[in-house]
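Trainee: Quick one, entry.cif (mmCIF, C-alpha atoms and all ligand atoms):
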```
data_run
#
loop_
_atom_site.label_atom_id
_atom_site.label_comp_id
_atom_site.auth_asym_id
_atom_site.auth_seq_id
_atom_site.Cartn_x
_atom_site.Cartn_y
_atom_site.Cartn_z
CA MET A 1 123.87 15.02 184.93
CA LYS A 2 126.65 12.43 184.86
CA SER A 3 126.51 10.57 181.60
CA ARG A 4 127.28 7.17 183.10
CA TYR A 5 123.83 7.20 184.74
CA SER A 6 122.13 7.95 181.47
CA LEU A 7 121.21 6.11 178.31
CA HIS A 8 122.28 7.98 175.18
CA LEU A 9 119.57 8.27 172.58
CA GLY A 10 121.28 10.18 169.79
CA LYS A 11 122.64 13.54 168.74
CA PRO A 12 120.09 15.47 166.68
CA PHE A 13 121.28 18.97 165.65
CA GLY A 14 124.59 18.08 167.32
CA ILE A 15 123.07 18.03 170.82
CA PRO A 16 123.49 14.72 172.70
CA VAL A 17 120.14 13.55 174.10
CA SER A 18 120.08 11.06 176.95
CA VAL A 19 117.58 9.66 179.38
CA HIS A 20 118.47 9.39 183.06
CA TRP A 21 118.19 5.93 184.63
CA THR A 22 115.52 7.15 187.11
CA PHE A 23 113.21 7.48 184.13
CA SER A 24 112.78 3.70 184.28
CA LEU A 25 111.31 4.17 187.80
CA LEU A 26 108.58 6.32 186.28
CA ILE A 27 107.68 3.55 183.83
CA ILE A 28 107.64 0.98 186.65
CA TRP A 29 105.43 3.33 188.71
CA ILE A 30 102.98 3.70 185.78
CA VAL A 31 102.84 -0.09 185.34
CA ILE A 32 102.21 -0.67 189.08
CA ILE A 33 99.43 1.93 189.19
CA SER A 34 97.85 0.46 186.05
CA ILE A 35 97.88 -3.07 187.55
CA ASN A 36 96.30 -1.71 190.74
CA ARG A 37 93.55 -0.14 188.68
CA GLY A 38 92.82 -3.52 187.09
CA LEU A 39 94.00 -2.72 183.54
CA ASP A 40 94.97 -5.60 181.23
CA SER A 41 98.33 -5.91 179.48
CA THR A 42 97.23 -4.12 176.28
CA GLN A 43 95.85 -1.24 178.30
CA ILE A 44 99.06 -1.06 180.37
CA LEU A 45 101.09 -0.91 177.16
CA ILE A 46 98.97 2.04 176.00
CA GLN A 47 99.61 3.89 179.30
CA VAL A 48 103.35 3.35 178.86
CA LEU A 49 103.23 4.45 175.21
CA PHE A 50 101.44 7.59 176.33
CA VAL A 51 104.21 8.44 178.79
CA LEU A 52 106.80 7.88 176.05
CA ALA A 53 104.82 10.08 173.62
CA LEU A 54 104.63 12.76 176.31
CA PHE A 55 108.36 12.63 176.80
CA VAL A 56 108.92 13.03 173.06
CA CYS A 57 106.95 16.27 173.45
CA VAL A 58 109.19 17.22 176.39
CA VAL A 59 112.32 16.58 174.29
CA LEU A 60 110.89 18.75 171.51
CA HIS A 61 110.20 21.44 174.14
CA GLU A 62 113.88 21.32 175.18
CA PHE A 63 114.94 21.51 171.54
CA GLY A 64 112.79 24.62 171.27
CA HIS A 65 114.84 26.28 174.03
CA SER A 66 118.13 24.88 172.74
CA LEU A 67 117.86 25.77 169.06
CA VAL A 68 116.79 29.34 169.80
CA ALA A 69 119.62 29.63 172.37
CA ILE A 70 122.19 28.42 169.83
CA ARG A 71 120.77 30.79 167.24
CA LEU A 72 121.34 33.68 169.68
CA GLY A 73 124.91 32.73 170.44
CA GLY A 74 124.40 30.27 173.31
CA GLU A 75 125.88 26.82 173.68
CA VAL A 76 123.98 23.68 174.65
CA SER A 77 126.06 20.75 175.80
CA SER A 78 123.28 18.16 176.28
CA ILE A 79 119.61 17.45 176.86
CA THR A 80 118.72 15.03 179.65
CA LEU A 81 115.35 13.49 180.37
CA LEU A 82 114.40 13.07 184.01
CA PRO A 83 111.13 11.65 185.38
CA ILE A 84 110.09 15.20 186.31
CA GLY A 85 110.82 16.62 182.87
CA GLY A 86 113.58 17.57 180.49
CA MET A 87 116.67 19.63 181.09
CA ALA A 88 118.74 21.44 178.47
CA ASN A 89 122.21 21.84 179.86
CA MET A 90 123.37 25.21 178.58
CA SER A 91 127.08 25.83 178.89
CA LYS A 92 126.56 29.35 177.60
CA MET A 93 123.28 31.19 177.81
CA PRO A 94 122.26 34.32 175.93
CA GLN A 95 122.06 37.00 178.64
CA GLU A 96 120.44 39.97 177.05
CA PRO A 97 116.90 40.24 178.53
CA LYS A 98 115.26 40.13 175.10
CA HIS A 99 117.23 37.04 174.11
CA GLU A 100 116.57 35.28 177.38
CA PHE A 101 112.88 35.99 176.91
CA MET A 102 112.95 34.39 173.46
CA VAL A 103 114.86 31.32 174.66
CA SER A 104 112.46 30.80 177.60
CA ALA A 105 109.36 31.27 175.48
CA ALA A 106 110.52 28.89 172.74
CA GLY A 107 109.99 25.74 174.87
CA PRO A 108 106.34 26.29 175.79
CA LEU A 109 105.73 27.56 172.25
CA VAL A 110 106.71 24.12 170.90
CA ASN A 111 103.99 22.52 173.05
CA VAL A 112 101.47 25.08 171.84
CA ILE A 113 102.38 24.06 168.27
CA ILE A 114 102.09 20.33 169.08
CA ALA A 115 98.69 20.94 170.71
CA GLY A 116 97.61 22.93 167.63
CA LEU A 117 98.68 20.13 165.28
CA LEU A 118 96.81 17.55 167.39
CA TRP A 119 93.75 19.79 167.37
CA ILE A 120 93.88 20.03 163.56
CA TYR A 121 94.31 16.24 163.34
CA LEU A 122 91.28 15.71 165.58
CA ALA A 123 89.20 18.24 163.70
CA VAL A 124 90.03 16.88 160.25
CA PHE A 125 90.64 13.13 160.57
CA ASP A 126 89.26 11.98 163.85
CA ARG A 127 86.10 13.84 164.66
CA VAL A 128 85.46 12.77 168.22
CA ASP A 129 82.67 13.61 170.55
CA ILE A 130 84.51 14.52 173.73
CA GLN A 131 81.35 14.20 175.79
CA GLN A 132 81.00 10.55 174.84
CA MET A 133 84.61 9.79 175.70
CA GLN A 134 85.86 7.85 178.72
CA PHE A 135 88.84 9.43 180.49
CA HIS A 136 89.57 7.24 183.47
CA ALA A 137 92.44 5.60 181.57
CA ILE A 138 94.22 6.31 178.32
CA THR A 139 92.85 4.29 175.40
CA LEU A 140 93.71 4.32 171.70
CA ARG A 141 90.48 6.26 171.27
CA ASN A 142 91.26 9.15 173.62
CA PHE A 143 95.06 9.09 173.09
CA PRO A 144 95.30 12.20 170.85
CA VAL A 145 92.87 14.17 173.04
CA MET A 146 94.84 13.28 176.17
CA LEU A 147 98.13 14.15 174.47
CA LEU A 148 96.69 17.50 173.43
CA ALA A 149 95.53 18.15 177.01
CA ALA A 150 98.92 17.08 178.39
CA ASN A 151 100.73 19.52 176.08
CA LEU A 152 98.48 22.34 177.22
CA PHE A 153 99.21 21.30 180.80
CA ILE A 154 102.97 21.48 180.09
CA VAL A 155 102.49 25.01 178.74
CA VAL A 156 100.47 26.22 181.73
CA PHE A 157 102.69 24.50 184.31
CA ASN A 158 105.90 25.84 182.77
CA LEU A 159 104.55 29.37 182.69
CA ILE A 160 104.13 29.47 186.48
CA PRO A 161 106.61 32.23 187.44
CA ALA A 162 108.71 29.92 189.61
CA PHE A 163 112.32 30.71 188.72
CA PRO A 164 114.25 28.80 187.31
CA MET A 165 111.24 27.32 185.49
CA ASP A 166 110.39 28.88 182.11
CA GLY A 167 107.77 31.25 183.54
CA GLY A 168 110.25 32.45 186.16
CA ARG A 169 112.86 33.07 183.46
CA LEU A 170 110.37 35.04 181.38
CA PHE A 171 109.57 37.04 184.51
CA ARG A 172 113.23 37.68 185.28
CA SER A 173 114.02 38.79 181.73
CA ALA A 174 111.07 41.20 181.86
CA LEU A 175 112.37 42.62 185.18
CA ALA A 176 115.92 42.84 183.83
CA ILE A 177 114.82 45.40 181.26
CA LYS A 178 114.05 47.79 184.14
CA MET A 179 116.76 46.85 186.66
CA SER A 180 120.09 45.04 186.97
CA ARG A 181 120.20 41.33 186.19
CA LEU A 182 121.31 40.69 189.78
CA LYS A 183 118.34 42.49 191.31
CA ALA A 184 115.95 40.87 188.80
CA THR A 185 117.31 37.43 189.66
CA GLU A 186 117.00 38.11 193.37
CA ILE A 187 113.31 38.99 193.04
CA ALA A 188 112.62 36.06 190.67
CA LYS A 189 114.45 33.71 193.07
CA ASP A 190 112.39 34.87 196.09
CA ILE A 191 109.12 34.41 194.23
CA GLY A 192 110.37 31.06 192.89
CA GLN A 193 111.06 29.89 196.41
CA VAL A 194 107.55 30.79 197.54
CA PHE A 195 106.15 28.66 194.68
CA ALA A 196 108.59 25.88 195.52
CA ILE A 197 107.26 25.71 199.09
CA ILE A 198 103.67 25.71 197.80
CA PHE A 199 104.60 22.85 195.42
CA ILE A 200 106.21 20.87 198.22
CA ILE A 201 103.25 21.25 200.58
CA ALA A 202 100.69 20.56 197.82
CA GLY A 203 102.78 17.63 196.64
CA LEU A 204 102.69 15.99 200.05
CA PHE A 205 98.90 15.77 199.71
CA PHE A 206 98.43 15.20 195.98
CA ASN A 207 101.47 14.11 194.00
CA PRO A 208 105.02 13.16 195.03
CA PHE A 209 106.40 14.56 191.76
CA LEU A 210 105.43 18.05 192.88
CA VAL A 211 107.61 17.60 195.97
CA ILE A 212 110.61 16.71 193.80
CA ILE A 213 109.92 19.62 191.44
CA GLY A 214 109.61 21.92 194.50
CA PHE A 215 113.06 20.94 195.77
CA PHE A 216 114.45 21.24 192.27
CA ILE A 217 113.20 24.84 192.10
CA LEU A 218 114.54 25.67 195.58
CA LEU A 219 118.04 24.43 194.77
CA GLY A 220 118.02 25.67 191.18
CA ALA A 221 116.94 29.19 192.14
CA LYS A 222 119.57 29.44 194.87
CA GLY A 223 122.36 28.01 192.69
CA GLU A 224 121.64 30.32 189.81
CA TYR A 225 121.36 33.38 192.04
CA GLU A 226 124.75 32.56 193.59
CA MET A 227 126.26 32.27 190.12
CA ILE A 228 124.89 35.67 189.11
CA LYS A 229 126.22 37.22 192.32
CA TYR A 230 129.65 35.98 191.27
CA GLN A 231 129.11 37.22 187.75
CA ASP A 232 128.19 40.68 189.01
CA VAL A 233 131.62 40.98 190.62
CA LEU A 234 133.90 38.80 188.50
CA ALA A 235 132.76 40.06 185.10
CA HIS A 236 134.61 43.31 185.91
CA HIS A 237 137.88 41.50 186.52
CA SER A 238 140.31 39.61 184.37
CA VAL A 239 142.58 36.69 185.20
CA SER A 240 145.57 39.02 185.62
CA ASP A 241 143.86 40.56 188.70
CA VAL A 242 144.35 37.37 190.72
CA LEU A 243 147.36 35.96 188.90
CA LYS A 244 149.88 34.36 191.22
CA THR A 245 153.40 34.95 190.04
CA GLN A 246 154.95 33.45 193.18
CA TYR A 247 154.42 29.70 193.30
CA ALA A 248 156.10 26.52 194.45
CA THR A 249 157.84 24.54 191.73
CA LEU A 250 159.17 21.01 191.40
CA ASP A 251 161.26 19.45 188.70
CA ALA A 252 159.42 16.78 186.68
CA SER A 253 162.03 14.17 187.67
CA GLN A 254 161.46 14.53 191.41
CA THR A 255 159.56 11.88 193.36
CA LEU A 256 156.22 12.10 195.07
CA GLU A 257 158.08 11.63 198.35
CA THR A 258 160.02 14.86 197.78
CA ALA A 259 156.78 16.57 196.80
CA ALA A 260 155.05 15.31 199.95
CA ASN A 261 157.89 16.56 202.16
CA ARG A 262 157.73 19.99 200.59
CA LEU A 263 153.97 20.12 200.75
CA VAL A 264 153.94 20.97 204.46
CA GLN A 265 156.28 23.92 203.86
CA ILE A 266 154.23 25.66 201.20
CA SER A 267 151.00 27.62 201.45
CA ASP A 268 149.96 26.99 197.84
CA ASN A 269 147.37 24.43 196.81
CA GLY A 270 149.90 22.63 194.64
CA PHE A 271 153.08 22.77 192.58
CA VAL A 272 154.04 23.96 189.15
CA ILE A 273 156.04 21.20 187.52
CA THR A 274 158.93 22.31 185.31
CA ARG A 275 161.70 20.73 183.27
CA GLN A 276 164.81 22.88 182.80
CA GLY A 277 162.75 25.81 183.96
CA ASN A 278 159.98 25.26 181.39
CA TYR A 279 156.36 24.66 182.39
CA GLN A 280 155.29 21.00 182.14
CA GLY A 281 152.14 20.68 184.20
CA ILE A 282 150.47 21.16 187.58
CA LEU A 283 150.26 18.88 190.60
CA THR A 284 147.59 19.84 193.13
CA LYS A 285 147.65 18.73 196.76
CA ASP A 286 144.73 16.39 196.15
CA GLU A 287 146.35 14.81 193.10
CA LEU A 288 149.59 14.36 195.01
CA ILE A 289 147.81 12.49 197.81
CA LYS A 290 145.85 10.38 195.33
CA GLY A 291 149.08 9.66 193.43
CA LEU A 292 150.83 8.55 196.63
CA ASN A 293 147.99 6.15 197.42
CA ALA A 294 147.78 4.74 193.92
CA HIS A 295 151.44 4.58 192.80
CA GLY A 296 153.68 4.92 195.86
CA LYS A 297 156.27 7.48 196.91
CA GLN A 298 159.01 6.58 194.38
CA THR A 299 156.86 7.60 191.41
CA THR A 300 158.02 10.80 189.69
CA VAL A 301 155.78 13.86 189.73
CA ALA A 302 155.80 13.79 185.91
CA GLU A 303 153.75 10.60 186.03
CA VAL A 304 150.89 12.00 188.11
CA MET A 305 150.92 15.70 187.20
CA ARG A 306 148.22 17.19 184.99
CA SER A 307 149.78 18.20 181.69
CA ASP A 308 146.43 18.38 179.90
CA LEU A 309 145.06 21.47 181.68
CA PRO A 310 143.79 24.28 179.46
CA LYS A 311 146.21 27.20 179.08
CA VAL A 312 144.43 30.26 180.44
CA ASN A 313 144.98 33.62 178.80
CA ALA A 314 145.72 36.39 181.31
CA ASP A 315 143.33 38.81 179.59
CA ILE A 316 140.12 36.77 179.70
CA SER A 317 137.19 37.49 181.99
CA LEU A 318 137.48 36.07 185.46
CA PHE A 319 133.84 35.02 185.50
CA GLU A 320 134.21 32.96 182.35
CA ILE A 321 137.14 30.99 183.74
CA TYR A 322 135.50 30.70 187.18
CA GLN A 323 132.55 28.88 185.62
CA GLU A 324 134.89 26.55 183.74
CA MET A 325 136.88 25.77 186.88
CA GLN A 326 133.71 25.03 188.84
CA LYS A 327 132.40 22.78 186.11
CA ASN A 328 135.64 20.85 185.56
CA ARG A 329 136.60 20.87 189.25
CA ASN A 330 139.95 22.55 188.64
CA GLN A 331 141.72 24.02 191.64
CA LEU A 332 144.73 25.42 189.78
CA LEU A 333 145.24 26.38 186.15
CA PRO A 334 148.36 27.61 184.31
CA VAL A 335 148.22 31.15 182.92
CA PHE A 336 149.93 32.13 179.70
CA SER A 337 150.65 35.35 177.88
CA ASP A 338 151.89 35.09 174.28
CA ASP A 339 152.59 31.37 174.79
CA GLN A 340 154.79 32.22 177.75
CA PHE A 341 153.95 30.70 181.16
CA ILE A 342 153.51 33.60 183.58
CA GLY A 343 151.86 32.14 186.68
CA ILE A 344 148.94 30.23 188.15
CA LEU A 345 145.29 30.86 188.79
CA ASP A 346 143.89 29.47 192.05
CA LEU A 347 140.14 28.95 192.53
CA GLU A 348 140.58 29.95 196.17
CA ASN A 349 141.92 33.39 195.18
CA ILE A 350 138.95 33.98 192.90
CA GLN A 351 136.59 33.22 195.78
CA GLU A 352 138.56 35.54 198.06
CA LEU A 353 138.42 38.35 195.53
CA PHE A 354 134.66 37.84 195.27
CA LEU A 355 134.15 37.96 199.05
CA ILE A 356 136.30 41.06 199.45
CA ARG A 357 134.68 42.98 196.58
CA ARG A 358 131.24 42.03 197.79
CA ALA A 359 132.01 43.10 201.36
CA ILE A 360 133.24 46.46 200.09
CA LYS A 361 130.09 46.87 197.99
CA MET A 362 127.69 45.90 200.79
CA GLY A 363 129.58 47.79 203.51
CA PRO A 364 128.51 51.16 204.94
ZN ZN A 401 111.15 24.77 179.32
#
```
Output the structure of this file as structure tokens.
Ligand code: ZN

Mentor:
Amino acid sequence: MKSRYSLHLGKPFGIPVSVHWTFSLLIIWIVIISINRGLDSTQILIQVLFVLALFVCVVLHEFGHSLVAIRLGGEVSSITLLPIGGMANMSKMPQEPKHEFMVSAAGPLVNVIIAGLLWIYLAVFDRVDIQQMQFHAITLRNFPVMLLAANLFIVVFNLIPAFPMDGGRLFRSALAIKMSRLKATEIAKDIGQVFAIIFIIAGLFFNPFLVIIGFFILLGAKGEYEMIKYQDVLAHHSVSDVLKTQYATLDASQTLETAANRLVQISDNGFVITRQGNYQGILTKDELIKGLNAHGKQTTVAEVMRSDLPKVNADISLFEIYQEMQKNRNQLLPVFSDDQFIGILDLENIQELFLIRRAIKMGP
């Protein structure tokens, strides 16, 4: 989720928490529905407070996943709140089936604990007779009961085995004990997609949020399966397998005009920029064209090149760097061995390697 569309709430446990702007639409929707149902302003405020309380529970749920993931060696870059729920953005996820199971279970477990605490509160301090209670709207009276029910609903809903929802992840990790992670993901994805279609159809009749969640599952399942397909191939390769030692170079003092003229003669996706033969940075085709538009053809390549790109080590796993390149939208990265520039890594070559290896594997 792009941070400029989100409101930052804080950084507990070092994880930035933000709420996406569309969340305000949910609040507006709640207010409109409440007005239509003839509630007064105090009652409307209580409905809104309930939604906020519910989303605190959702944030705690995401912290459940996140803190267990970090404990098991994962990395969580942020937690974002959307109107359909929370999302912990994991830049590195524990992959061992047992660990994945624990991470997936931790979220719903938090809601079980919240529901338990509310139940104790109700039993000890606020003995209520549920049969006497009105439930057509949330009131101060039924607030804790409704929050308890909502937490139980979160648990049950999340445990539906619709990958990549929590239940689907639990299911996949259980399968992955018996088979490869790729095969397990494929099965979990197929089942997830069936649920997604059920959600979408049911949502059309009952609740528009289900439609959104359905599409979210469809896209999420497909995206994650694609990633694991890549992992299955690329994890067995290192950067040196696709290292390009032949590349087009330009001196840092040359102009964008010179670069543009040479561009049509080369087959690479950009230039390595050097000064007295030493690596300075990289100028991709796209950046060259953007640079021409923004600064004109007399600008030197040194002014628009990327000198801040991470230096890739030739020995590291190709899958690891592929994920980074996808995330940061890098086309080309410089490769180093013992602080010595040895060539470039092109995203296109990684994709080619993947397609070739996969074709060989799937072939007769
Ligand atoms: Zn969850």

Trainee: Please give me, as a PyMOL selection string, the residues lying within 10 Å of ligand ZN 401 (chain A) when counting only C-alpha atoms and all ligand atoms.

Mentor: chain A and resi 58-66+85-88+103-111+154-155+157-159+164-167+169

Trainee: Report, in Å to a single decimal, how far apart atom CA of Trp119 of chain A and atom CA of Leu54 of chain A are.

Mentor: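 Atom CA of Leu54 of chain A sits 15.7 Å away from atom CA of Trp119 of chain A.
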
Trainee: If I take atom CA of Pro161 of chain A and atom CA of Ile30 of chain A, how far is one from the other in Å, to one decimal?

Mentor: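 Distance reported for this atom pair: 28.8 Å.
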
Trainee: Quick one: residues within 12 Å of (147.0, 34.1, 190.7) (file frame), counting all atoms listed in the file, please, as a short mmCIF file (atom, residue, chain, number, x, y, z; two decimals) with C-alpha atoms, in the frame of the given file.

Mentor:
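Result file follows (point-v1.cif):
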```cif
data_model
loop_
_atom_site.label_atom_id
_atom_site.label_comp_id
_atom_site.auth_asym_id
_atom_site.auth_seq_id
_atom_site.Cartn_x
_atom_site.Cartn_y
_atom_site.Cartn_z
CA SER A 238 140.31 39.61 184.37
CA VAL A 239 142.58 36.69 185.20
CA SER A 240 145.57 39.02 185.62
CA ASP A 241 143.86 40.56 188.70
CA VAL A 242 144.35 37.37 190.72
CA LEU A 243 147.36 35.96 188.90
CA LYS A 244 149.88 34.36 191.22
CA THR A 245 153.40 34.95 190.04
CA GLN A 246 154.95 33.45 193.18
CA TYR A 247 154.42 29.70 193.30
CA ASP A 268 149.96 26.99 197.84
CA ASN A 269 147.37 24.43 196.81
CA VAL A 312 144.43 30.26 180.44
CA ALA A 314 145.72 36.39 181.31
CA LEU A 318 137.48 36.07 185.46
CA GLN A 331 141.72 24.02 191.64
CA LEU A 332 144.73 25.42 189.78
CA LEU A 333 145.24 26.38 186.15
CA PRO A 334 148.36 27.61 184.31
CA VAL A 335 148.22 31.15 182.92
CA PHE A 336 149.93 32.13 179.70
CA ILE A 342 153.51 33.60 183.58
CA GLY A 343 151.86 32.14 186.68
CA ILE A 344 148.94 30.23 188.15
CA LEU A 345 145.29 30.86 188.79
CA ASP A 346 143.89 29.47 192.05
CA LEU A 347 140.14 28.95 192.53
CA GLU A 348 140.58 29.95 196.17
CA ASN A 349 141.92 33.39 195.18
CA ILE A 350 138.95 33.98 192.90
CA GLN A 351 136.59 33.22 195.78
CA GLU A 352 138.56 35.54 198.06
CA LEU A 353 138.42 38.35 195.53
#
```

Trainee: How close does each residue of segment 28-108 of chain A get to segment 14-20 of chain A, giving the shortest atom pair and distance in Å to one decimal for every residue with an atom at most 6 Å away, counting all atoms listed in the file, sorted by chain and residue number, as a Markdown table?

Mentor:
```
| residue | atom | partner | partner_atom | distance |
| --- | --- | --- | --- | --- |
| A:Ser78 | CA | A:Pro16 | CA | 5.0 |
| A:Ile79 | CA | A:Val17 | CA | 4.8 |
| A:Thr80 | CA | A:Ser18 | CA | 5.0 |
| A:Leu81 | CA | A:Val19 | CA | 4.5 |
| A:Leu82 | CA | A:His20 | CA | 5.6 |
```

Trainee: Could you name the residues that touch segment 248-265 of chain A at 10 Å or less, counting only C-alpha atoms, but leaving out those on the same chain fewer than 2 positions away, as a ChimeraX atom specification?

Mentor: /A:245-246,267-285,288-289,291-292,295-305

Trainee: Nearest to Asp190 of chain A among A:Tyr225, A:Trp29, A:Phe13, A:Trp21, with distances taken over only C-alpha atoms: which residue is it?

Mentor: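 Among A:Tyr225, A:Trp29, A:Phe13, A:Trp21, it is A:Tyr225 that comes nearest to Asp190 of chain A.
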
Trainee: Can you rebuild segment 161-186 of chain A with N, CA and C atoms and give it as a JSON list (two decimals), keeping the file's coordinate frame?

Mentor:
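Result went into selection23.json, see below:
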```json
[["chain", "number", "residue", "atom", "x", "y", "z"],
["A", 161, "PRO", "N", 105.36, 31.45, 187.30],
["A", 161, "PRO", "CA", 106.61, 32.23, 187.44],
["A", 161, "PRO", "C", 107.50, 31.76, 188.59],
["A", 162, "ALA", "N", 107.86, 30.49, 188.56],
["A", 162, "ALA", "CA", 108.71, 29.92, 189.61],
["A", 162, "ALA", "C", 110.12, 29.74, 189.05],
["A", 163, "PHE", "N", 110.93, 30.77, 189.18],
["A", 163, "PHE", "CA", 112.32, 30.71, 188.72],
["A", 163, "PHE", "C", 113.02, 29.53, 189.39],
["A", 164, "PRO", "N", 113.80, 28.69, 188.71],
["A", 164, "PRO", "CA", 114.25, 28.80, 187.31],
["A", 164, "PRO", "C", 113.38, 28.05, 186.29],
["A", 165, "MET", "N", 112.09, 27.87, 186.54],
["A", 165, "MET", "CA", 111.24, 27.32, 185.49],
["A", 165, "MET", "C", 111.03, 28.39, 184.40],
["A", 166, "ASP", "N", 110.50, 27.96, 183.25],
["A", 166, "ASP", "CA", 110.39, 28.88, 182.11],
["A", 166, "ASP", "C", 109.67, 30.18, 182.47],
["A", 167, "GLY", "N", 108.54, 30.07, 183.18],
["A", 167, "GLY", "CA", 107.77, 31.25, 183.54],
["A", 167, "GLY", "C", 108.59, 32.21, 184.39],
["A", 168, "GLY", "N", 109.39, 31.64, 185.30],
["A", 168, "GLY", "CA", 110.25, 32.45, 186.16],
["A", 168, "GLY", "C", 111.33, 33.15, 185.36],
["A", 169, "ARG", "N", 111.84, 32.45, 184.33],
["A", 169, "ARG", "CA", 112.86, 33.07, 183.46],
["A", 169, "ARG", "C", 112.27, 34.20, 182.63],
["A", 170, "LEU", "N", 111.05, 33.98, 182.14],
["A", 170, "LEU", "CA", 110.37, 35.04, 181.38],
["A", 170, "LEU", "C", 110.20, 36.26, 182.28],
["A", 171, "PHE", "N", 109.79, 35.99, 183.52],
["A", 171, "PHE", "CA", 109.57, 37.04, 184.51],
["A", 171, "PHE", "C", 110.88, 37.79, 184.79],
["A", 172, "ARG", "N", 111.96, 37.03, 185.00],
["A", 172, "ARG", "CA", 113.23, 37.68, 185.28],
["A", 172, "ARG", "C", 113.69, 38.54, 184.11],
["A", 173, "SER", "N", 113.55, 38.01, 182.88],
["A", 173, "SER", "CA", 114.02, 38.79, 181.73],
["A", 173, "SER", "C", 113.19, 40.07, 181.58],
["A", 174, "ALA", "N", 111.91, 39.99, 181.92],
["A", 174, "ALA", "CA", 111.07, 41.20, 181.86],
["A", 174, "ALA", "C", 111.55, 42.21, 182.91],
["A", 175, "LEU", "N", 111.85, 41.73, 184.13],
["A", 175, "LEU", "CA", 112.37, 42.62, 185.18],
["A", 175, "LEU", "C", 113.72, 43.22, 184.79],
["A", 176, "ALA", "N", 114.55, 42.40, 184.13],
["A", 176, "ALA", "CA", 115.92, 42.84, 183.83],
["A", 176, "ALA", "C", 115.97, 43.97, 182.82],
["A", 177, "ILE", "N", 114.85, 44.24, 182.16],
["A", 177, "ILE", "CA", 114.82, 45.40, 181.26],
["A", 177, "ILE", "C", 114.84, 46.68, 182.10],
["A", 178, "LYS", "N", 114.20, 46.61, 183.28],
["A", 178, "LYS", "CA", 114.05, 47.79, 184.14],
["A", 178, "LYS", "C", 115.14, 47.92, 185.20],
["A", 179, "MET", "N", 115.77, 46.80, 185.57],
["A", 179, "MET", "CA", 116.76, 46.85, 186.66],
["A", 179, "MET", "C", 117.95, 45.96, 186.32],
["A", 180, "SER", "N", 118.92, 45.88, 187.24],
["A", 180, "SER", "CA", 120.09, 45.04, 186.97],
["A", 180, "SER", "C", 119.68, 43.57, 186.98],
["A", 181, "ARG", "N", 120.48, 42.76, 186.28],
["A", 181, "ARG", "CA", 120.20, 41.33, 186.19],
["A", 181, "ARG", "C", 120.27, 40.70, 187.59],
["A", 182, "LEU", "N", 121.17, 41.22, 188.42],
["A", 182, "LEU", "CA", 121.31, 40.69, 189.78],
["A", 182, "LEU", "C", 120.04, 40.91, 190.59],
["A", 183, "LYS", "N", 119.55, 42.15, 190.55],
["A", 183, "LYS", "CA", 118.34, 42.49, 191.31],
["A", 183, "LYS", "C", 117.15, 41.69, 190.77],
["A", 184, "ALA", "N", 117.06, 41.61, 189.43],
["A", 184, "ALA", "CA", 115.95, 40.87, 188.80],
["A", 184, "ALA", "C", 115.99, 39.40, 189.23],
["A", 185, "THR", "N", 117.19, 38.84, 189.27],
["A", 185, "THR", "CA", 117.31, 37.43, 189.66],
["A", 185, "THR", "C", 116.93, 37.24, 191.12],
["A", 186, "GLU", "N", 117.31, 38.22, 191.95],
["A", 186, "GLU", "CA", 117.00, 38.11, 193.37],
["A", 186, "GLU", "C", 115.48, 38.07, 193.59]]
```
